[in-house]
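Visitor: Got upload32.cif for you, mmCIF, C-alpha atoms (C1' of nucleotides):
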data_structure
#
loop_
_atom_site.group_PDB
_atom_site.id
_atom_site.type_symbol
_atom_site.label_atom_id
_atom_site.label_comp_id
_atom_site.auth_asym_id
_atom_site.auth_seq_id
_atom_site.Cartn_x
_atom_site.Cartn_y
_atom_site.Cartn_z
ATOM 1 C CA MET M 1 5.785 3.013 -4.237
ATOM 2 C CA GLU M 2 3.208 3.312 -1.535
ATOM 3 C CA LEU M 3 2.133 6.111 0.735
ATOM 4 C CA ARG M 4 3.213 4.070 3.728
ATOM 5 C CA GLN M 5 6.809 4.318 2.617
ATOM 6 C CA LEU M 6 6.572 8.057 2.193
ATOM 7 C CA ARG M 7 4.992 8.386 5.594
ATOM 8 C CA TYR M 8 7.765 6.422 7.251
ATOM 9 C CA PHE M 9 10.350 8.327 5.305
ATOM 10 C CA ALA M 10 8.922 11.666 6.356
ATOM 11 C CA ALA M 11 8.899 10.532 9.972
ATOM 12 C CA VAL M 12 12.559 9.588 9.895
ATOM 13 C CA ALA M 13 13.415 12.821 8.166
ATOM 14 C CA ARG M 14 11.582 14.803 10.787
ATOM 15 C CA GLU M 15 13.047 12.918 13.729
ATOM 16 C CA ARG M 16 16.452 12.376 12.163
ATOM 17 C CA HIS M 17 16.265 9.079 13.970
ATOM 18 C CA PHE M 18 14.999 5.684 12.902
ATOM 19 C CA GLY M 19 14.114 4.652 16.404
ATOM 20 C CA GLN M 20 12.353 7.858 17.271
ATOM 21 C CA ALA M 21 10.467 7.767 14.009
ATOM 22 C CA ALA M 22 9.364 4.240 14.793
ATOM 23 C CA ARG M 23 8.143 5.373 18.176
ATOM 24 C CA ALA M 24 6.250 8.257 16.638
ATOM 25 C CA LEU M 25 4.697 5.864 14.123
ATOM 26 C CA ARG M 26 3.817 3.401 16.876
ATOM 27 C CA ILE M 27 5.691 0.597 15.164
ATOM 28 C CA ALA M 28 8.966 -1.217 15.655
ATOM 29 C CA GLN M 29 12.220 0.128 14.351
ATOM 30 C CA PRO M 30 12.966 -2.679 11.862
ATOM 31 C CA ALA M 31 9.707 -1.978 10.090
ATOM 32 C CA VAL M 32 10.863 1.549 9.438
ATOM 33 C CA SER M 33 14.286 0.428 8.377
ATOM 34 C CA ARG M 34 12.831 -2.038 5.938
ATOM 35 C CA GLN M 35 10.442 0.405 4.304
ATOM 36 C CA ILE M 36 13.156 2.996 3.911
ATOM 37 C CA GLN M 37 15.408 0.420 2.321
ATOM 38 C CA GLN M 38 12.648 -0.532 -0.052
ATOM 39 C CA LEU M 39 12.088 3.066 -0.990
ATOM 40 C CA GLU M 40 15.783 3.617 -1.534
ATOM 41 C CA ALA M 41 15.987 0.508 -3.670
ATOM 42 C CA GLU M 42 13.035 1.547 -5.766
ATOM 43 C CA LEU M 43 14.340 5.045 -6.275
ATOM 44 C CA GLY M 44 17.909 3.916 -6.640
ATOM 45 C CA VAL M 45 19.252 6.513 -4.240
ATOM 46 C CA ARG M 46 20.468 6.708 -0.683
ATOM 47 C CA LEU M 47 18.009 8.840 1.252
ATOM 48 C CA PHE M 48 19.780 8.905 4.607
ATOM 49 C CA ASP M 49 23.302 8.811 5.894
ATOM 50 C CA ARG M 50 23.208 6.378 8.785
ATOM 51 C CA ARG M 51 25.362 7.597 11.614
ATOM 52 C CA PRO M 52 25.844 6.260 15.136
ATOM 53 C CA ARG M 53 24.032 9.290 16.493
ATOM 54 C CA GLY M 54 21.125 9.215 14.087
ATOM 55 C CA ALA M 55 20.264 9.568 10.439
ATOM 56 C CA VAL M 56 20.794 12.647 8.308
ATOM 57 C CA LEU M 57 19.128 13.316 4.984
ATOM 58 C CA THR M 58 21.216 13.149 1.860
ATOM 59 C CA ALA M 59 20.684 15.742 -0.841
ATOM 60 C CA GLU M 60 18.369 13.359 -2.666
ATOM 61 C CA GLY M 61 16.565 12.654 0.561
ATOM 62 C CA LEU M 62 16.014 16.315 1.165
ATOM 63 C CA ALA M 63 14.573 16.742 -2.285
ATOM 64 C CA LEU M 64 12.270 13.793 -1.791
ATOM 65 C CA LEU M 65 11.168 15.066 1.585
ATOM 66 C CA ASP M 66 9.848 18.214 0.014
ATOM 67 C CA ARG M 67 7.724 16.276 -2.442
ATOM 68 C CA ALA M 68 6.672 13.654 0.054
ATOM 69 C CA GLU M 69 5.483 16.121 2.652
ATOM 70 C CA ARG M 70 3.552 17.966 0.012
ATOM 71 C CA LEU M 71 1.888 14.753 -1.103
ATOM 72 C CA LEU M 72 1.152 13.546 2.386
ATOM 73 C CA GLY M 73 -0.092 16.921 3.460
ATOM 74 C CA ARG M 74 -2.712 17.044 0.758
ATOM 75 C CA ARG M 75 -3.609 13.403 1.004
ATOM 76 C CA MET M 76 -7.180 13.263 -0.231
ATOM 77 C CA ARG M 77 -8.770 15.555 2.230
ATOM 78 C CA CYS M 78 -10.169 17.964 -0.297
ATOM 79 C CA ALA M 79 -12.860 16.868 -2.627
ATOM 80 C CA ALA M 80 -14.308 13.572 -1.618
ATOM 81 C CA THR M 81 -13.732 13.751 2.073
ATOM 82 C CA ARG M 82 -15.776 16.866 2.169
ATOM 83 C CA ALA M 83 -18.768 14.870 1.016
ATOM 84 C CA ALA M 84 -18.274 12.595 3.977
ATOM 85 C CA ARG M 85 -19.748 15.395 6.034
ATOM 86 C CA PRO M 86 -23.466 15.919 6.463
ATOM 87 C CA THR M 87 -23.637 18.332 3.561
ATOM 88 C CA GLY M 88 -26.559 16.723 1.838
ATOM 89 C CA ARG M 89 -25.808 13.492 0.020
ATOM 90 C CA ALA M 90 -24.799 10.515 2.076
ATOM 91 C CA GLY M 91 -25.264 7.210 0.297
ATOM 92 C CA ARG M 92 -25.543 4.860 3.217
ATOM 93 C CA MET Y 1 -5.143 5.145 1.938
ATOM 94 C CA GLU Y 2 -2.585 3.796 -0.457
ATOM 95 C CA LEU Y 3 -1.458 4.816 -3.896
ATOM 96 C CA ARG Y 4 -2.635 1.482 -5.238
ATOM 97 C CA GLN Y 5 -6.204 2.435 -4.452
ATOM 98 C CA LEU Y 6 -5.866 5.737 -6.232
ATOM 99 C CA ARG Y 7 -4.322 4.049 -9.217
ATOM 100 C CA TYR Y 8 -7.179 1.572 -9.482
ATOM 101 C CA PHE Y 9 -9.676 4.314 -8.959
ATOM 102 C CA ALA Y 10 -8.178 6.408 -11.723
ATOM 103 C CA ALA Y 11 -8.230 3.411 -14.047
ATOM 104 C CA VAL Y 12 -11.920 2.786 -13.451
ATOM 105 C CA ALA Y 13 -12.665 6.454 -13.862
ATOM 106 C CA ARG Y 14 -10.822 6.535 -17.159
ATOM 107 C CA GLU Y 15 -12.412 3.366 -18.503
ATOM 108 C CA ARG Y 16 -15.785 3.911 -16.907
ATOM 109 C CA HIS Y 17 -15.724 0.159 -16.508
ATOM 110 C CA PHE Y 18 -14.502 -2.056 -13.697
ATOM 111 C CA GLY Y 19 -13.688 -4.941 -15.993
ATOM 112 C CA GLN Y 20 -11.879 -2.842 -18.532
ATOM 113 C CA ALA Y 21 -9.942 -1.104 -15.802
ATOM 114 C CA ALA Y 22 -8.914 -4.486 -14.451
ATOM 115 C CA ARG Y 23 -7.737 -5.512 -17.874
ATOM 116 C CA ALA Y 24 -5.768 -2.319 -18.252
ATOM 117 C CA LEU Y 25 -4.214 -2.875 -14.850
ATOM 118 C CA ARG Y 26 -3.451 -6.500 -15.704
ATOM 119 C CA ILE Y 27 -5.322 -7.767 -12.692
ATOM 120 C CA ALA Y 28 -8.640 -9.466 -12.052
ATOM 121 C CA GLN Y 29 -11.850 -7.547 -11.724
ATOM 122 C CA PRO Y 30 -12.598 -8.434 -8.086
ATOM 123 C CA ALA Y 31 -9.295 -6.909 -7.038
ATOM 124 C CA VAL Y 32 -10.380 -3.604 -8.502
ATOM 125 C CA SER Y 33 -13.814 -3.865 -6.978
ATOM 126 C CA ARG Y 34 -12.372 -4.534 -3.547
ATOM 127 C CA GLN Y 35 -9.915 -1.658 -3.601
ATOM 128 C CA ILE Y 36 -12.556 0.769 -4.774
ATOM 129 C CA GLN Y 37 -14.867 -0.387 -2.008
ATOM 130 C CA GLN Y 38 -12.114 0.117 0.517
ATOM 131 C CA LEU Y 39 -11.444 3.592 -0.778
ATOM 132 C CA GLU Y 40 -15.122 4.457 -0.676
ATOM 133 C CA ALA Y 41 -15.379 3.137 2.853
ATOM 134 C CA GLU Y 42 -12.391 5.123 4.009
ATOM 135 C CA LEU Y 43 -13.602 8.321 2.420
ATOM 136 C CA GLY Y 44 -17.189 7.699 3.348
ATOM 137 C CA VAL Y 45 -18.483 8.481 -0.114
ATOM 138 C CA ARG Y 46 -19.772 6.628 -3.128
ATOM 139 C CA LEU Y 47 -17.273 7.215 -5.941
ATOM 140 C CA PHE Y 48 -19.098 5.411 -8.715
ATOM 141 C CA ASP Y 49 -22.632 4.699 -9.736
ATOM 142 C CA ARG Y 50 -22.654 1.047 -10.747
ATOM 143 C CA ARG Y 51 -24.854 0.566 -13.754
ATOM 144 C CA PRO Y 52 -25.511 -2.492 -15.926
ATOM 145 C CA ARG Y 53 -23.545 -0.878 -18.734
ATOM 146 C CA GLY Y 54 -20.616 0.327 -16.684
ATOM 147 C CA ALA Y 55 -19.660 2.669 -13.906
ATOM 148 C CA VAL Y 56 -20.071 6.413 -13.904
ATOM 149 C CA LEU Y 57 -18.362 8.816 -11.558
ATOM 150 C CA THR Y 58 -20.412 10.501 -8.905
ATOM 151 C CA ALA Y 59 -19.789 14.148 -8.181
ATOM 152 C CA GLU Y 60 -17.513 13.172 -5.318
ATOM 153 C CA GLY Y 61 -15.739 10.710 -7.543
ATOM 154 C CA LEU Y 62 -15.120 13.348 -10.132
ATOM 155 C CA ALA Y 63 -13.636 15.652 -7.555
ATOM 156 C CA LEU Y 64 -11.417 12.891 -6.241
ATOM 157 C CA LEU Y 65 -10.308 11.994 -9.727
ATOM 158 C CA ASP Y 66 -8.890 15.433 -10.187
ATOM 159 C CA ARG Y 67 -6.773 15.171 -7.049
ATOM 160 C CA ALA Y 68 -5.815 11.565 -7.622
ATOM 161 C CA GLU Y 69 -4.579 12.107 -11.141
ATOM 162 C CA ARG Y 70 -2.569 15.059 -9.991
ATOM 163 C CA LEU Y 71 -0.974 12.999 -7.239
ATOM 164 C CA LEU Y 72 -0.311 10.002 -9.434
ATOM 165 C CA GLY Y 73 1.048 12.159 -12.188
ATOM 166 C CA ARG Y 74 3.660 13.689 -9.976
ATOM 167 C CA ARG Y 75 4.425 10.542 -8.053
ATOM 168 C CA MET Y 76 8.043 10.946 -7.025
ATOM 169 C CA ARG Y 77 9.630 11.436 -10.380
ATOM 170 C CA CYS Y 78 11.589 14.534 -9.559
ATOM 171 C CA ALA Y 79 14.713 14.404 -7.506
ATOM 172 C CA ALA Y 80 15.410 10.891 -6.458
ATOM 173 C CA THR Y 81 13.845 8.974 -9.309
ATOM 174 C CA ARG Y 82 16.410 10.411 -11.641
ATOM 175 C CA ALA Y 83 18.963 7.939 -10.327
ATOM 176 C CA ALA Y 84 16.571 5.035 -10.631
ATOM 177 C CA ARG Y 85 17.686 3.653 -13.939
ATOM 178 C CA PRO Y 86 17.219 0.120 -15.270
ATOM 179 C CA THR Y 87 18.783 -3.024 -13.865
ATOM 180 C CA GLY Y 88 16.899 -3.404 -10.680
ATOM 181 C CA ARG Y 89 13.329 -4.171 -11.445
ATOM 182 C CA ALA Y 90 12.088 -7.690 -10.935
ATOM 183 C CA GLY Y 91 8.411 -8.282 -11.421
ATOM 184 C CA ARG Y 92 6.737 -11.566 -10.720
ATOM 185 C "C1'" DT C 1 -31.341 -13.157 -20.466
ATOM 186 C "C1'" DG C 2 -27.092 -10.900 -20.760
ATOM 187 C "C1'" DA C 3 -23.646 -7.653 -19.220
ATOM 188 C "C1'" DG C 4 -21.254 -6.212 -15.331
ATOM 189 C "C1'" DG C 5 -20.147 -5.806 -10.426
ATOM 190 C "C1'" DT C 6 -19.836 -8.326 -5.899
ATOM 191 C "C1'" DT C 7 -19.081 -11.967 -2.514
ATOM 192 C "C1'" DA C 8 -16.806 -16.386 -1.029
ATOM 193 C "C1'" DC C 9 -12.792 -18.788 -0.480
ATOM 194 C "C1'" DG C 10 -7.991 -20.341 -0.685
ATOM 195 C "C1'" DC C 11 -3.220 -19.120 -1.739
ATOM 196 C "C1'" DC C 12 0.586 -16.182 -1.719
ATOM 197 C "C1'" DT C 13 3.173 -12.164 -0.824
ATOM 198 C "C1'" DA C 14 4.245 -8.481 2.247
ATOM 199 C "C1'" DT C 15 4.595 -6.397 6.665
ATOM 200 C "C1'" DC C 16 5.319 -6.502 11.393
ATOM 201 C "C1'" DG C 17 7.523 -7.529 15.979
ATOM 202 C "C1'" DT C 18 11.102 -9.798 18.797
ATOM 203 C "C1'" DA C 19 15.693 -11.153 19.150
ATOM 204 C "C1'" DA C 20 20.338 -11.370 17.716
ATOM 205 C "C1'" DT C 21 24.162 -9.110 14.918
ATOM 206 C "C1'" DA C 22 27.057 -5.552 12.813
ATOM 207 C "C1'" DA C 23 28.970 -0.930 12.438
ATOM 208 C "C1'" DT C 24 30.711 3.479 14.036
ATOM 209 C "C1'" DG C 25 32.734 7.272 16.989
ATOM 210 C "C1'" DC Q 1 31.870 0.453 24.907
ATOM 211 C "C1'" DA Q 2 27.519 2.525 23.994
ATOM 212 C "C1'" DT Q 3 24.305 3.820 20.622
ATOM 213 C "C1'" DT Q 4 21.925 2.981 16.408
ATOM 214 C "C1'" DA Q 5 20.713 0.600 12.289
ATOM 215 C "C1'" DT Q 6 20.325 -4.031 9.988
ATOM 216 C "C1'" DT Q 7 19.379 -8.986 9.384
ATOM 217 C "C1'" DA Q 8 16.999 -13.342 10.768
ATOM 218 C "C1'" DC Q 9 12.900 -15.504 11.638
ATOM 219 C "C1'" DG Q 10 8.270 -16.759 12.884
ATOM 220 C "C1'" DA Q 11 3.500 -14.917 12.992
ATOM 221 C "C1'" DT Q 12 -0.135 -12.080 11.138
ATOM 222 C "C1'" DA Q 13 -2.623 -9.383 7.904
ATOM 223 C "C1'" DG Q 14 -3.733 -7.873 3.280
ATOM 224 C "C1'" DG Q 15 -4.142 -8.456 -1.684
ATOM 225 C "C1'" DC Q 16 -5.012 -11.299 -5.576
ATOM 226 C "C1'" DG Q 17 -7.251 -14.873 -8.562
ATOM 227 C "C1'" DT Q 18 -10.882 -18.323 -9.584
ATOM 228 C "C1'" DA Q 19 -15.469 -19.504 -9.138
ATOM 229 C "C1'" DA Q 20 -20.196 -18.734 -7.939
ATOM 230 C "C1'" DC Q 21 -23.872 -15.231 -7.061
ATOM 231 C "C1'" DC Q 22 -26.562 -11.098 -7.410
ATOM 232 C "C1'" DT Q 23 -28.529 -6.987 -9.844
ATOM 233 C "C1'" DC Q 24 -30.612 -4.393 -13.278
ATOM 234 C "C1'" DA Q 25 -32.345 -3.046 -18.020
#
Could you take the file, read its structure, and then write that structure out as structure tokens?
Guide:
Amino acid sequence: MELRQLRYFAAVARERHFGQAARALRIAQPAVSRQIQQLEAELGVRLFDRRPRGAVLTAEGLALLDRAERLLGRRMRCAATRAARPTGRAGR
Amino acid sequence: MELRQLRYFAAVARERHFGQAARALRIAQPAVSRQIQQLEAELGVRLFDRRPRGAVLTAEGLALLDRAERLLGRRMRCAATRAARPTGRAGR
DNA sequence: TGAGGTTACGCCTATCGTAATAATG
DNA sequence: CATTATTACGATAGGCGTAACCTCA
């Protein structure tokens, strides 16, 4: 599993739309579709119900969304990134 | 940033050794070195002090390790992963 | 000089985008 | 029949492994 997949997944969940998610991500729709499929295959669950008017989260998808957003939200912006500021030590 | 980078980083931090981390990860040493470099570049910090006897975490590295292990530990094993049982994995 | 990390280079896998296809109300 | 997701396919980028090089006590 990679963060990219979670990011795409979260986008689709937010937009409830593969195409709109793709637009928000600045990529093509098939790329989103593929990553979601991969994620579903790896997890062994169906994350979305594909409908002609868009995609709706399944129960498992909803549960994953909670975790995924939490993970994405706290990426790695705490400890190390703070040191990237001019707070004293800067190696290069 | 990808989970792969965090996984490699955590391995090096645990082993305090690029080569040993590579062995633990079942990959070659340069692969580890490259991913760590990428991570350092993205974060803008030096995560390890390379020494002739191994690698030691910098203060920023230590802080990142804490977050990384937490993230890796709670990957996505809650809701969806429950359905991901055997018969589906194909390595290389 | 030896242990360990990095750079160079070629291969292979994965991802992406465009276009065509299938499915559903 | 229109809208939306999927599959096919060629092109591109990224990651990995082997080999050679550099660095430091």
Visitor: Please find the residues of chain M near chain C - the criterion being any atom within 10 Å, counting only C-alpha atoms (C1' of nucleotides) - and write them as a list in words.
Guide: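 Going by the stated atoms only, the list reads Ile27, Ala28, Gln29, Pro30, Ala31, Val32, Arg34, Gln35, Arg50, Arg51, Pro52 and Arg53 of chain M.
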Visitor: Any chance you could fit chain Y onto chain M with least squares, all Cα atoms in order, and share the moved copy as a compact mmCIF listing (two decimals) with C-alpha atoms, in the coordinates of the input?
Guide:
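Result file follows (result17.txt):
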# COMPACT_ATOMS: atom_id res chain seq x y z
CA MET Y 1 5.47 4.09 -5.34
CA GLU Y 2 2.62 4.73 -2.98
CA LEU Y 3 1.62 7.66 -0.85
CA ARG Y 4 2.05 5.53 2.24
CA GLN Y 5 5.76 5.32 1.57
CA LEU Y 6 6.05 9.05 1.19
CA ARG Y 7 4.10 9.59 4.36
CA TYR Y 8 6.38 7.29 6.33
CA PHE Y 9 9.40 8.85 4.75
CA ALA Y 10 8.28 12.33 5.69
CA ALA Y 11 7.65 11.19 9.25
CA VAL Y 12 11.15 9.79 9.61
CA ALA Y 13 12.62 12.89 8.06
CA ARG Y 14 10.73 15.09 10.48
CA GLU Y 15 11.59 13.02 13.54
CA ARG Y 16 15.05 12.05 12.40
CA HIS Y 17 14.24 8.79 14.10
CA PHE Y 18 12.67 5.60 12.82
CA GLY Y 19 11.22 4.67 16.18
CA GLN Y 20 9.80 8.07 16.88
CA ALA Y 21 8.34 8.25 13.40
CA ALA Y 22 6.69 4.90 13.98
CA ARG Y 23 5.22 6.17 17.21
CA ALA Y 24 3.94 9.28 15.50
CA LEU Y 25 2.41 7.15 12.78
CA ARG Y 26 0.89 4.80 15.35
CA ILE Y 27 2.55 1.79 13.82
CA ALA Y 28 5.47 -0.46 14.68
CA GLN Y 29 9.02 0.43 13.81
CA PRO Y 30 9.68 -2.45 11.39
CA ALA Y 31 6.79 -1.30 9.23
CA VAL Y 32 8.48 2.05 8.79
CA SER Y 33 11.84 0.45 8.16
CA ARG Y 34 10.39 -1.80 5.48
CA GLN Y 35 8.58 0.94 3.62
CA ILE Y 36 11.62 3.17 3.63
CA GLN Y 37 13.73 0.33 2.30
CA GLN Y 38 11.22 -0.26 -0.45
CA LEU Y 39 11.23 3.39 -1.37
CA GLU Y 40 15.01 3.48 -1.41
CA ALA Y 41 15.10 0.38 -3.57
CA GLU Y 42 12.62 1.80 -6.03
CA LEU Y 43 14.41 5.11 -6.29
CA GLY Y 44 17.82 3.53 -6.21
CA VAL Y 45 19.14 5.92 -3.60
CA ARG Y 46 19.93 5.91 0.08
CA LEU Y 47 17.52 8.35 1.74
CA PHE Y 48 18.85 8.16 5.27
CA ASP Y 49 22.13 7.62 7.00
CA ARG Y 50 21.38 5.22 9.83
CA ARG Y 51 23.34 6.18 12.88
CA PRO Y 52 23.29 4.81 16.44
CA ARG Y 53 21.61 8.00 17.60
CA GLY Y 54 19.05 8.28 14.84
CA ALA Y 55 18.68 8.77 11.14
CA VAL Y 56 19.85 11.75 9.15
CA LEU Y 57 18.74 12.64 5.66
CA THR Y 58 21.17 12.21 2.84
CA ALA Y 59 21.33 14.86 0.16
CA GLU Y 60 18.99 12.80 -1.99
CA GLY Y 61 16.69 12.32 0.94
CA LEU Y 62 16.54 16.02 1.56
CA ALA Y 63 15.64 16.67 -2.04
CA LEU Y 64 12.95 14.02 -1.93
CA LEU Y 65 11.57 15.42 1.29
CA ASP Y 66 10.87 18.69 -0.40
CA ARG Y 67 8.84 17.04 -3.15
CA ALA Y 68 7.15 14.58 -0.85
CA GLU Y 69 5.95 17.19 1.59
CA ARG Y 70 4.62 19.25 -1.25
CA LEU Y 71 2.72 16.27 -2.62
CA LEU Y 72 1.39 15.17 0.73
CA GLY Y 73 0.42 18.67 1.64
CA ARG Y 74 -1.76 19.07 -1.38
CA ARG Y 75 -3.09 15.55 -1.36
CA MET Y 76 -6.52 15.85 -2.94
CA ARG Y 77 -8.07 18.38 -0.66
CA CYS Y 78 -9.33 20.74 -3.30
CA ALA Y 79 -12.35 19.95 -5.36
CA ALA Y 80 -13.72 16.62 -4.41
CA THR Y 81 -12.67 16.42 -0.79
CA ARG Y 82 -14.95 19.29 0.00
CA ALA Y 83 -17.92 16.93 -0.10
CA ALA Y 84 -16.18 14.38 2.07
CA ARG Y 85 -17.65 15.28 5.40
CA PRO Y 86 -17.96 13.09 8.49
CA THR Y 87 -20.09 9.98 8.83
CA GLY Y 88 -18.23 7.60 6.67
CA ARG Y 89 -14.92 6.86 8.22
CA ALA Y 90 -14.41 3.52 9.89
CA GLY Y 91 -10.95 2.75 11.13
CA ARG Y 92 -9.96 -0.57 12.57
Visitor: If we count all atoms listed in the file, what is near Val12 of chain M at a cut-off of 12 Å, once residues fewer than 2 positions away on the same chain are taken out, given as a VMD selection string?
Guide: chain M and resid 5 to 10 14 to 25 29 31 to 33 35 to 36 47 to 50 54 to 57 61 to 62 65
Visitor: Please build the interface table for chain Q against chain M with a cut-off of 8 Å, listing for each qualifying residue the nearest atom pair and the distance in Å to one decimal; count only C-alpha atoms (C1' of nucleotides), order rows by chain and increasing number, and write it as CSV.
Guide:
residue,atom,partner,partner_atom,distance
Q:DT3,C1',M:Pro52,CA,6.2
Q:DT4,C1',M:Pro52,CA,5.3
Q:DA5,C1',M:Arg50,CA,7.2
Q:DT6,C1',M:Ser33,CA,7.7
Visitor: Just to confirm, what's the straight-line distance from atom CA of Glu2 of chain Y to atom CA of Glu60 of chain M in Å (one decimal)?
Guide: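 Taking atom CA of Glu2 of chain Y and atom CA of Glu60 of chain M, their separation equals 23.1 Å.
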Visitor: To one decimal in Å, tell me the separation between atom CA of Gln38 of chain M and atom CA of Asp66 of chain Y.
Guide: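 So the two atoms, atom CA of Gln38 of chain M and atom CA of Asp66 of chain Y, lie 28.7 Å apart.
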Visitor: Please indicate the distance in Å from atom CA of Leu71 of chain M to atom CA of Leu39 of chain M, rounded to one decimal place.
Guide: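 Atom-to-atom, atom CA of Leu71 of chain M to atom CA of Leu39 of chain M, that is 15.5 Å.
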Visitor: So, counting all atoms listed in the file, which residue among Y:Leu3, Y:Ala13, Y:Leu72, Y:Ala59 is closest to chain M?
Guide: Y:Leu3
Visitor: Provide segment 39-46 of chain M rebuilt to all heavy atoms, formatted as a PDB file, in the frame of the given file.
Guide:
ATOM      1  N   LEU M  39      12.235   1.807  -0.268  1.00  0.00           N
ATOM      2  CA  LEU M  39      12.088   3.066  -0.990  1.00  0.00           C
ATOM      3  C   LEU M  39      13.395   3.440  -1.673  1.00  0.00           C
ATOM      4  O   LEU M  39      13.415   3.823  -2.849  1.00  0.00           O
ATOM      5  CB  LEU M  39      11.655   4.161  -0.015  1.00  0.00           C
ATOM      6  CG  LEU M  39      11.209   5.493  -0.608  1.00  0.00           C
ATOM      7  CD1 LEU M  39      10.080   5.312  -1.589  1.00  0.00           C
ATOM      8  CD2 LEU M  39      10.800   6.438   0.509  1.00  0.00           C
ATOM      9  N   GLU M  40      14.477   3.308  -0.957  1.00  0.00           N
ATOM     10  CA  GLU M  40      15.783   3.617  -1.534  1.00  0.00           C
ATOM     11  C   GLU M  40      16.082   2.715  -2.723  1.00  0.00           C
ATOM     12  O   GLU M  40      16.606   3.164  -3.741  1.00  0.00           O
ATOM     13  CB  GLU M  40      16.871   3.455  -0.465  1.00  0.00           C
ATOM     14  CG  GLU M  40      16.853   4.548   0.586  1.00  0.00           C
ATOM     15  CD  GLU M  40      17.917   4.340   1.649  1.00  0.00           C
ATOM     16  OE1 GLU M  40      18.233   3.185   1.984  1.00  0.00           O
ATOM     17  OE2 GLU M  40      18.443   5.338   2.136  1.00  0.00           O
ATOM     18  N   ALA M  41      15.735   1.446  -2.580  1.00  0.00           N
ATOM     19  CA  ALA M  41      15.987   0.508  -3.670  1.00  0.00           C
ATOM     20  C   ALA M  41      15.165   0.878  -4.897  1.00  0.00           C
ATOM     21  O   ALA M  41      15.653   0.864  -6.022  1.00  0.00           O
ATOM     22  CB  ALA M  41      15.656  -0.910  -3.217  1.00  0.00           C
ATOM     23  N   GLU M  42      13.917   1.229  -4.647  1.00  0.00           N
ATOM     24  CA  GLU M  42      13.035   1.547  -5.766  1.00  0.00           C
ATOM     25  C   GLU M  42      13.479   2.819  -6.475  1.00  0.00           C
ATOM     26  O   GLU M  42      13.433   2.924  -7.690  1.00  0.00           O
ATOM     27  CB  GLU M  42      11.600   1.703  -5.251  1.00  0.00           C
ATOM     28  CG  GLU M  42      10.597   1.913  -6.356  1.00  0.00           C
ATOM     29  CD  GLU M  42       9.165   1.838  -5.818  1.00  0.00           C
ATOM     30  OE1 GLU M  42       8.978   1.290  -4.714  1.00  0.00           O
ATOM     31  OE2 GLU M  42       8.270   2.328  -6.489  1.00  0.00           O
ATOM     32  N   LEU M  43      13.916   3.778  -5.687  1.00  0.00           N
ATOM     33  CA  LEU M  43      14.340   5.045  -6.275  1.00  0.00           C
ATOM     34  C   LEU M  43      15.781   4.986  -6.761  1.00  0.00           C
ATOM     35  O   LEU M  43      16.198   5.793  -7.576  1.00  0.00           O
ATOM     36  CB  LEU M  43      14.190   6.166  -5.237  1.00  0.00           C
ATOM     37  CG  LEU M  43      12.757   6.434  -4.764  1.00  0.00           C
ATOM     38  CD1 LEU M  43      12.749   7.516  -3.695  1.00  0.00           C
ATOM     39  CD2 LEU M  43      11.880   6.856  -5.929  1.00  0.00           C
ATOM     40  N   GLY M  44      16.523   4.044  -6.214  1.00  0.00           N
ATOM     41  CA  GLY M  44      17.909   3.916  -6.640  1.00  0.00           C
ATOM     42  C   GLY M  44      18.833   4.945  -6.016  1.00  0.00           C
ATOM     43  O   GLY M  44      19.907   5.214  -6.543  1.00  0.00           O
ATOM     44  N   VAL M  45      18.412   5.507  -4.905  1.00  0.00           N
ATOM     45  CA  VAL M  45      19.252   6.513  -4.240  1.00  0.00           C
ATOM     46  C   VAL M  45      19.317   6.242  -2.749  1.00  0.00           C
ATOM     47  O   VAL M  45      18.461   5.563  -2.185  1.00  0.00           O
ATOM     48  CB  VAL M  45      18.699   7.942  -4.454  1.00  0.00           C
ATOM     49  CG1 VAL M  45      18.739   8.315  -5.909  1.00  0.00           C
ATOM     50  CG2 VAL M  45      17.305   8.055  -3.888  1.00  0.00           C
ATOM     51  N   ARG M  46      20.328   6.783  -2.135  1.00  0.00           N
ATOM     52  CA  ARG M  46      20.468   6.708  -0.683  1.00  0.00           C
ATOM     53  C   ARG M  46      19.768   7.928  -0.105  1.00  0.00           C
ATOM     54  O   ARG M  46      20.136   9.062  -0.416  1.00  0.00           O
ATOM     55  CB  ARG M  46      21.959   6.738  -0.329  1.00  0.00           C
ATOM     56  CG  ARG M  46      22.286   6.234   1.058  1.00  0.00           C
ATOM     57  CD  ARG M  46      22.189   4.733   1.089  1.00  0.00           C
ATOM     58  NE  ARG M  46      22.642   4.200   2.386  1.00  0.00           N
ATOM     59  CZ  ARG M  46      22.473   2.947   2.754  1.00  0.00           C
ATOM     60  NH1 ARG M  46      21.845   2.111   1.951  1.00  0.00           N
ATOM     61  NH2 ARG M  46      22.912   2.511   3.908  1.00  0.00           N
TER      62      ARG M  46
END
